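Structure file query.tsv with TSV, N, CA and C atoms:
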```
chain	number	residue	atom	x	y	z
Q	927	MET	N	78.78	82.63	95.21
Q	927	MET	CA	78.03	83.46	96.12
Q	927	MET	C	78.82	83.67	97.40
Q	928	ARG	N	79.60	82.67	97.82
Q	928	ARG	CA	80.40	82.78	99.04
Q	928	ARG	C	81.43	83.90	98.89
Q	929	ASN	N	82.04	84.03	97.70
Q	929	ASN	CA	83.02	85.09	97.48
Q	929	ASN	C	82.38	86.46	97.58
Q	930	LEU	N	81.16	86.60	97.10
Q	930	LEU	CA	80.46	87.87	97.17
Q	930	LEU	C	80.19	88.25	98.63
Q	931	GLY	N	79.84	87.28	99.45
Q	931	GLY	CA	79.62	87.53	100.87
Q	931	GLY	C	80.91	87.96	101.56
Q	932	ALA	N	82.01	87.31	101.22
Q	932	ALA	CA	83.30	87.67	101.80
Q	932	ALA	C	83.70	89.08	101.37
Q	933	LEU	N	83.45	89.41	100.11
Q	933	LEU	CA	83.75	90.74	99.61
Q	933	LEU	C	82.91	91.79	100.34
Q	934	ALA	N	81.63	91.52	100.51
Q	934	ALA	CA	80.75	92.46	101.20
Q	934	ALA	C	81.20	92.65	102.64
Q	935	LEU	N	81.57	91.57	103.30
Q	935	LEU	CA	82.04	91.67	104.68
Q	935	LEU	C	83.34	92.47	104.75
Q	936	SER	N	84.24	92.24	103.82
Q	936	SER	CA	85.50	92.98	103.78
Q	936	SER	C	85.27	94.46	103.57
Q	937	LEU	N	84.38	94.79	102.66
Q	937	LEU	CA	84.09	96.20	102.40
Q	937	LEU	C	83.40	96.85	103.60
Q	938	TRP	N	82.52	96.10	104.27
Q	938	TRP	CA	81.88	96.63	105.47
Q	938	TRP	C	82.93	96.93	106.53
Q	939	TRP	N	83.86	95.99	106.73
Q	939	TRP	CA	84.91	96.18	107.72
Q	939	TRP	C	85.77	97.39	107.37
Q	940	LEU	N	86.12	97.51	106.12
Q	940	LEU	CA	86.92	98.65	105.67
Q	940	LEU	C	86.19	99.96	105.94
Q	941	ALA	N	84.91	100.01	105.63
Q	941	ALA	CA	84.14	101.23	105.86
Q	941	ALA	C	83.99	101.53	107.35
Q	942	ALA	N	83.88	100.49	108.17
Q	942	ALA	CA	83.69	100.69	109.60
Q	942	ALA	C	84.96	101.17	110.31
Q	943	TRP	N	86.12	100.75	109.84
Q	943	TRP	CA	87.37	101.06	110.54
Q	943	TRP	C	88.19	102.17	109.90
Q	944	CYS	N	87.86	102.60	108.72
Q	944	CYS	CA	88.58	103.69	108.09
Q	944	CYS	C	87.95	105.01	108.48
Q	945	PRO	N	88.73	106.07	108.50
Q	945	PRO	CA	88.15	107.38	108.83
Q	945	PRO	C	87.04	107.72	107.85
Q	946	ALA	N	86.05	108.41	108.35
Q	946	ALA	CA	84.91	108.79	107.50
Q	946	ALA	C	85.40	109.64	106.34
Q	947	GLN	N	84.86	109.39	105.19
Q	947	GLN	CA	85.23	110.13	103.99
Q	947	GLN	C	84.04	110.96	103.53
Q	948	ASP	N	84.32	112.09	102.99
Q	948	ASP	CA	83.28	112.92	102.40
Q	948	ASP	C	82.81	112.23	101.12
Q	949	ALA	N	81.51	112.06	100.95
Q	949	ALA	CA	80.97	111.33	99.79
Q	949	ALA	C	81.02	112.15	98.51
Q	950	LYS	N	81.21	113.46	98.60
Q	950	LYS	CA	81.18	114.29	97.40
Q	950	LYS	C	82.19	113.88	96.33
Q	951	PRO	N	83.43	113.53	96.69
Q	951	PRO	CA	84.37	113.13	95.63
Q	951	PRO	C	83.93	111.87	94.90
Q	952	TYR	N	83.07	111.08	95.52
Q	952	TYR	CA	82.62	109.83	94.92
Q	952	TYR	C	81.28	109.94	94.20
Q	953	LYS	N	80.75	111.12	94.08
Q	953	LYS	CA	79.42	111.29	93.50
Q	953	LYS	C	79.32	110.67	92.10
Q	954	ALA	N	80.28	110.96	91.24
Q	954	ALA	CA	80.25	110.44	89.88
Q	954	ALA	C	80.41	108.92	89.86
Q	955	ILE	N	81.29	108.40	90.70
Q	955	ILE	CA	81.50	106.95	90.77
Q	955	ILE	C	80.24	106.27	91.30
Q	956	ASP	N	79.63	106.85	92.34
Q	956	ASP	CA	78.39	106.29	92.89
Q	956	ASP	C	77.30	106.25	91.83
Q	957	GLN	N	77.12	107.33	91.12
Q	957	GLN	CA	76.08	107.38	90.08
Q	957	GLN	C	76.34	106.35	88.99
Q	958	HIS	N	77.61	106.20	88.61
Q	958	HIS	CA	77.96	105.21	87.59
Q	958	HIS	C	77.62	103.80	88.09
Q	959	ALA	N	77.99	103.49	89.32
Q	959	ALA	CA	77.74	102.16	89.88
Q	959	ALA	C	76.24	101.87	89.96
Q	960	LEU	N	75.46	102.86	90.35
Q	960	LEU	CA	74.02	102.67	90.50
Q	960	LEU	C	73.30	102.52	89.17
Q	961	LYS	N	73.93	102.96	88.09
Q	961	LYS	CA	73.31	102.87	86.76
Q	961	LYS	C	73.78	101.65	85.97
Q	962	ALA	N	74.36	100.67	86.64
Q	962	ALA	CA	74.84	99.48	85.95
Q	962	ALA	C	73.69	98.81	85.21
Q	963	PRO	N	73.83	98.64	83.90
Q	963	PRO	CA	72.75	98.02	83.12
Q	963	PRO	C	72.76	96.50	83.29
Q	964	PRO	N	71.65	95.85	82.98
Q	964	PRO	CA	71.57	94.39	83.10
Q	964	PRO	C	72.67	93.67	82.31
Q	965	GLU	N	73.08	94.22	81.18
Q	965	GLU	CA	74.13	93.57	80.38
Q	965	GLU	C	75.44	93.52	81.17
Q	966	ALA	N	75.73	94.58	81.91
Q	966	ALA	CA	76.95	94.62	82.71
Q	966	ALA	C	76.87	93.65	83.88
Q	967	GLU	N	75.68	93.40	84.36
Q	967	GLU	CA	75.48	92.51	85.51
Q	967	GLU	C	75.33	91.05	85.11
Q	968	ALA	N	75.48	90.76	83.82
Q	968	ALA	CA	75.30	89.40	83.33
Q	968	ALA	C	76.39	88.45	83.82
Q	969	SER	N	77.58	88.97	84.05
Q	969	SER	CA	78.68	88.14	84.57
Q	969	SER	C	79.54	88.98	85.49
Q	970	LEU	N	80.30	88.32	86.33
Q	970	LEU	CA	81.18	89.02	87.25
Q	970	LEU	C	82.25	89.81	86.50
Q	971	ASP	N	82.78	89.22	85.42
Q	971	ASP	CA	83.80	89.91	84.62
Q	971	ASP	C	83.25	91.19	83.99
Q	972	SER	N	82.06	91.12	83.41
Q	972	SER	CA	81.50	92.31	82.77
Q	972	SER	C	81.13	93.36	83.81
Q	973	LEU	N	80.67	92.93	85.00
Q	973	LEU	CA	80.35	93.88	86.06
Q	973	LEU	C	81.61	94.58	86.56
Q	974	ALA	N	82.66	93.82	86.78
Q	974	ALA	CA	83.93	94.40	87.24
Q	974	ALA	C	84.46	95.39	86.22
Q	975	GLU	N	84.39	95.04	84.95
Q	975	GLU	CA	84.86	95.95	83.90
Q	975	GLU	C	84.03	97.23	83.88
Q	976	TYR	N	82.72	97.10	84.00
Q	976	TYR	CA	81.84	98.26	84.01
Q	976	TYR	C	82.12	99.16	85.20
Q	977	LEU	N	82.19	98.57	86.40
Q	977	LEU	CA	82.38	99.37	87.61
Q	977	LEU	C	83.74	100.07	87.63
Q	978	ALA	N	84.76	99.44	87.08
Q	978	ALA	CA	86.12	100.01	87.10
Q	978	ALA	C	86.35	101.07	86.02
Q	979	LYS	N	85.47	101.15	85.05
Q	979	LYS	CA	85.68	102.04	83.90
Q	979	LYS	C	86.01	103.49	84.28
Q	980	PRO	N	85.26	104.16	85.16
Q	980	PRO	CA	85.58	105.56	85.45
Q	980	PRO	C	86.61	105.75	86.57
Q	981	CYS	N	87.10	104.65	87.12
Q	981	CYS	CA	87.97	104.73	88.31
Q	981	CYS	C	89.43	104.99	87.94
Q	982	LYS	N	90.06	105.82	88.76
Q	982	LYS	CA	91.46	106.14	88.56
Q	982	LYS	C	92.36	105.48	89.60
Q	983	THR	N	91.82	105.12	90.76
Q	983	THR	CA	92.61	104.52	91.83
Q	983	THR	C	91.92	103.26	92.34
Q	984	ASP	N	92.67	102.49	93.12
Q	984	ASP	CA	92.07	101.30	93.74
Q	984	ASP	C	90.98	101.70	94.73
Q	985	ARG	N	91.15	102.83	95.38
Q	985	ARG	CA	90.12	103.31	96.31
Q	985	ARG	C	88.83	103.61	95.55
Q	986	ASP	N	88.94	104.20	94.37
Q	986	ASP	CA	87.76	104.47	93.54
Q	986	ASP	C	87.07	103.16	93.16
Q	987	LYS	N	87.86	102.15	92.82
Q	987	LYS	CA	87.29	100.85	92.46
Q	987	LYS	C	86.56	100.23	93.65
Q	988	ALA	N	87.18	100.31	94.81
Q	988	ALA	CA	86.53	99.77	96.02
Q	988	ALA	C	85.22	100.50	96.30
Q	989	ARG	N	85.22	101.82	96.09
Q	989	ARG	CA	83.99	102.59	96.31
Q	989	ARG	C	82.90	102.16	95.33
Q	990	ALA	N	83.26	101.96	94.05
Q	990	ALA	CA	82.27	101.55	93.04
Q	990	ALA	C	81.68	100.19	93.40
Q	991	ILE	N	82.52	99.26	93.81
Q	991	ILE	CA	82.05	97.93	94.20
Q	991	ILE	C	81.16	98.03	95.44
Q	992	TYR	N	81.63	98.78	96.42
Q	992	TYR	CA	80.87	98.99	97.66
Q	992	TYR	C	79.48	99.57	97.36
Q	993	ARG	N	79.44	100.59	96.51
Q	993	ARG	CA	78.16	101.26	96.22
Q	993	ARG	C	77.22	100.34	95.48
Q	994	TRP	N	77.75	99.56	94.54
Q	994	TRP	CA	76.91	98.62	93.80
Q	994	TRP	C	76.34	97.56	94.76
Q	995	ILE	N	77.19	97.01	95.63
Q	995	ILE	CA	76.74	95.99	96.57
Q	995	ILE	C	75.67	96.53	97.51
Q	996	THR	N	75.89	97.73	98.05
Q	996	THR	CA	74.92	98.27	99.01
Q	996	THR	C	73.59	98.61	98.35
Q	997	ASP	N	73.58	98.76	97.04
Q	997	ASP	CA	72.32	99.03	96.35
Q	997	ASP	C	71.63	97.74	95.91
Q	998	ARG	N	72.41	96.74	95.54
Q	998	ARG	CA	71.83	95.55	94.91
Q	998	ARG	C	71.67	94.33	95.83
Q	999	ILE	N	72.47	94.23	96.87
Q	999	ILE	CA	72.47	93.02	97.70
Q	999	ILE	C	71.72	93.29	99.00
Q	1000	ALA	N	70.84	92.37	99.35
Q	1000	ALA	CA	70.08	92.49	100.59
Q	1000	ALA	C	70.04	91.11	101.26
Q	1001	TYR	N	70.03	91.12	102.57
Q	1001	TYR	CA	69.91	89.87	103.31
Q	1001	TYR	C	68.48	89.37	103.21
Q	1002	ASP	N	68.35	88.07	103.09
Q	1002	ASP	CA	67.05	87.42	103.11
Q	1002	ASP	C	66.83	86.92	104.55
Q	1003	VAL	N	66.34	87.81	105.40
Q	1003	VAL	CA	66.22	87.53	106.82
Q	1003	VAL	C	65.28	86.35	107.07
Q	1004	GLU	N	64.18	86.28	106.36
Q	1004	GLU	CA	63.22	85.21	106.57
Q	1004	GLU	C	63.83	83.85	106.25
Q	1005	ARG	N	64.56	83.78	105.17
Q	1005	ARG	CA	65.17	82.50	104.76
Q	1005	ARG	C	66.32	82.14	105.71
Q	1006	PHE	N	67.06	83.14	106.20
Q	1006	PHE	CA	68.18	82.88	107.09
Q	1006	PHE	C	67.67	82.29	108.39
```
Full structure transcribed into structure tokens:
Amino acid sequence: MRNLGALALSLWWLAAWCPAQDAKPYKAIDQHALKAPPEAEASLDSLAEYLAKPCKTDRDKARAIYRWITDRIAYDVERF
């Protein structure tokens, strides 16, 4: 879980400091990431394989991971 937090923080930093990108080129990647089935989410390896499937560049892979995290991960403010 600690690695996932570090990854999320790294992706947040990357998004905050990189020039704004038009989301249109990532539409297909975003949709793919958001449709990850439970079988793909069963392990980190299967999730990584699923998210990387339509990607052609490392930037595409980062976008797929970023989009999946922003949809699936939420802070538990009350517990924190």
Requested in this report: Record the distance separating atom CA of Pro980 of chain Q and atom CA of Lys953 of chain Q, expressed in Å with one decimal.
Outcome: 11.6 Å
Centre and edges of the segment 977-984 of chain Q box, axis-aligned, 6 Å extra per side, as AutoDock Vina command-line options:
```
--center_x 87.4 --center_y 102.4 --center_z 89.3 --size_x 22.5 --size_y 19.6 --size_z 22.8
```
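If you measure from each of Q:Ala978, Q:Ala959, Q:Leu973, Q:Ala968 to Trp994 of chain Q using all atoms listed in the file, the closest one turns out to be Q:Ala959.
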Report task. Select from segment 960-1006 of chain Q everything DSSP, run on the backbone, classes as alpha helix (DSSP H), then give the selection as a list in words. Result -> Leu960, Leu970, Asp971, Ser972, Leu973, Ala974, Glu975, Tyr976, Leu977, Ala978, Asp984, Arg985, Asp986, Lys987, Ala988, Arg989, Ala990, Ile991, Tyr992, Arg993, Trp994, Ile995, Thr996, Asp997 and Arg998 of chain Q
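Here atom N of Asp956 of chain Q and atom CA of Ala990 of chain Q stand 6.0 Å from one another.
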Query raised in the report: What gap, in Å, lies between atom CA of Arg993 of chain Q and atom N of Leu960 of chain Q?
Result: 6.7 Å
Is it possible to add N, CA, C and O atoms to segment 971-983 of chain Q and hand it back as a PDB file, keeping the file's coordinate frame?
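Result written to result_24.pdb:
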```
ATOM      1  N   ASP Q 971      82.780  89.220  85.420  1.00  0.00           N
ATOM      2  CA  ASP Q 971      83.800  89.910  84.620  1.00  0.00           C
ATOM      3  C   ASP Q 971      83.250  91.190  83.990  1.00  0.00           C
ATOM      4  O   ASP Q 971      83.902  92.236  84.036  1.00  0.00           O
ATOM      5  N   SER Q 972      82.060  91.120  83.410  1.00  0.00           N
ATOM      6  CA  SER Q 972      81.500  92.310  82.770  1.00  0.00           C
ATOM      7  C   SER Q 972      81.130  93.360  83.810  1.00  0.00           C
ATOM      8  O   SER Q 972      81.287  94.558  83.569  1.00  0.00           O
ATOM      9  N   LEU Q 973      80.670  92.930  85.000  1.00  0.00           N
ATOM     10  CA  LEU Q 973      80.350  93.880  86.060  1.00  0.00           C
ATOM     11  C   LEU Q 973      81.610  94.580  86.560  1.00  0.00           C
ATOM     12  O   LEU Q 973      81.630  95.792  86.727  1.00  0.00           O
ATOM     13  N   ALA Q 974      82.660  93.820  86.780  1.00  0.00           N
ATOM     14  CA  ALA Q 974      83.930  94.400  87.240  1.00  0.00           C
ATOM     15  C   ALA Q 974      84.460  95.390  86.220  1.00  0.00           C
ATOM     16  O   ALA Q 974      84.920  96.484  86.582  1.00  0.00           O
ATOM     17  N   GLU Q 975      84.390  95.040  84.950  1.00  0.00           N
ATOM     18  CA  GLU Q 975      84.860  95.950  83.900  1.00  0.00           C
ATOM     19  C   GLU Q 975      84.030  97.230  83.880  1.00  0.00           C
ATOM     20  O   GLU Q 975      84.565  98.339  83.780  1.00  0.00           O
ATOM     21  N   TYR Q 976      82.720  97.100  84.000  1.00  0.00           N
ATOM     22  CA  TYR Q 976      81.840  98.260  84.010  1.00  0.00           C
ATOM     23  C   TYR Q 976      82.120  99.160  85.200  1.00  0.00           C
ATOM     24  O   TYR Q 976      82.262 100.376  85.064  1.00  0.00           O
ATOM     25  N   LEU Q 977      82.190  98.570  86.400  1.00  0.00           N
ATOM     26  CA  LEU Q 977      82.380  99.370  87.610  1.00  0.00           C
ATOM     27  C   LEU Q 977      83.740 100.070  87.630  1.00  0.00           C
ATOM     28  O   LEU Q 977      83.866 101.179  88.141  1.00  0.00           O
ATOM     29  N   ALA Q 978      84.760  99.440  87.080  1.00  0.00           N
ATOM     30  CA  ALA Q 978      86.120 100.010  87.100  1.00  0.00           C
ATOM     31  C   ALA Q 978      86.350 101.070  86.020  1.00  0.00           C
ATOM     32  O   ALA Q 978      87.318 101.830  86.114  1.00  0.00           O
ATOM     33  N   LYS Q 979      85.470 101.150  85.050  1.00  0.00           N
ATOM     34  CA  LYS Q 979      85.680 102.040  83.900  1.00  0.00           C
ATOM     35  C   LYS Q 979      86.010 103.490  84.280  1.00  0.00           C
ATOM     36  O   LYS Q 979      86.995 104.039  83.799  1.00  0.00           O
ATOM     37  N   PRO Q 980      85.260 104.160  85.160  1.00  0.00           N
ATOM     38  CA  PRO Q 980      85.580 105.560  85.450  1.00  0.00           C
ATOM     39  C   PRO Q 980      86.610 105.750  86.570  1.00  0.00           C
ATOM     40  O   PRO Q 980      86.983 106.872  86.892  1.00  0.00           O
ATOM     41  N   CYS Q 981      87.100 104.650  87.120  1.00  0.00           N
ATOM     42  CA  CYS Q 981      87.970 104.730  88.310  1.00  0.00           C
ATOM     43  C   CYS Q 981      89.430 104.990  87.940  1.00  0.00           C
ATOM     44  O   CYS Q 981      89.948 104.432  86.982  1.00  0.00           O
ATOM     45  N   LYS Q 982      90.060 105.820  88.760  1.00  0.00           N
ATOM     46  CA  LYS Q 982      91.460 106.140  88.560  1.00  0.00           C
ATOM     47  C   LYS Q 982      92.360 105.480  89.600  1.00  0.00           C
ATOM     48  O   LYS Q 982      93.552 105.307  89.359  1.00  0.00           O
ATOM     49  N   THR Q 983      91.820 105.120  90.760  1.00  0.00           N
ATOM     50  CA  THR Q 983      92.610 104.520  91.830  1.00  0.00           C
ATOM     51  C   THR Q 983      91.920 103.260  92.340  1.00  0.00           C
ATOM     52  O   THR Q 983      90.738 103.026  92.060  1.00  0.00           O
TER      53      THR Q 983
END
```
